[in-house]
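A short write-up of the structure that comes next.
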Amino acid sequence: MMNRKQFTRLGVVITAIVGAVVGYSVYVNNFILLLAAVIAGILVLYMFRRKVDEVIEDERIYRISDKASRRTLQVFGIGTALVGTTLISLGRYQEIGYALNISVCILLILYMIFYAFYSRSPLE
């Protein structure tokens, strides 16, 4: 068993190793190595997380994360939509404006899909 502090240190080391492998795989144009490193890093972190004997996350952390995610989505969505619409209406960089507005639409569609999914499933 390990405590939270040990798990955090291990997470930093594993993340650094995965980052180095990803950097190398991009350098040598090896997508399979990149994918394998990321998946292996996630699996190793998951295995070690199960060995932590302390509470890592509680309801307060989940609630704070929910609020932060919602606010980030609101600020990013509105800001990106405004920038995209401004670029389109000014006639400059219209392609970028359309790309930004399409990305906001995709973001909203994803939000609605996840909202519908989680509203039908029991909360953990």
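Just remember, in the structure tokens the first chain shown is A, the second B, etc., residues are 1-based per chain, and ligands are 1-based in the order shown.
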* To do: Extract, using only C-alpha atoms, all DNA, RNA and protein residues at most 7 Å from A:Ser25, discarding same-chain residues fewer than 6 positions from it, and format them as a list in words.
  => Phe31, Leu33 and Leu34 of chain A
* To do: as an MDAnalysis selection string, list the residues of chain A assigned to alpha helix (DSSP H) by DSSP on the backbone atoms of this structure.
  => chainID A and resid 4:27 31:49 59:90 94:120
Sort by chain and increasing residue number a table of all residues of stretch 20-92 of chain A within 7 Å of stretch 7-15 of chain A, each with its closest pair of atoms and their distance in Å to one decimal, counting only C-alpha atoms, and write it as a Markdown table.
| residue | atom | partner | partner_atom | distance |
| --- | --- | --- | --- | --- |
| A:Gly41 | CA | A:Ile14 | CA | 6.4 |
| A:Leu45 | CA | A:Gly11 | CA | 6.6 |
| A:Arg49 | CA | A:Phe7 | CA | 6.9 |
* Polymer residues at most 12 Å from A:Ile102, only C-alpha atoms, same-chain spacing of 6 or more positions, as a ChimeraX atom specification -> /A:77,80-81,84-85,95-96,108-109
* What separation in Å, quoted to one decimal, exists between atom CA of A:Thr72 and atom CA of A:Pro122? -> 24.5 Å
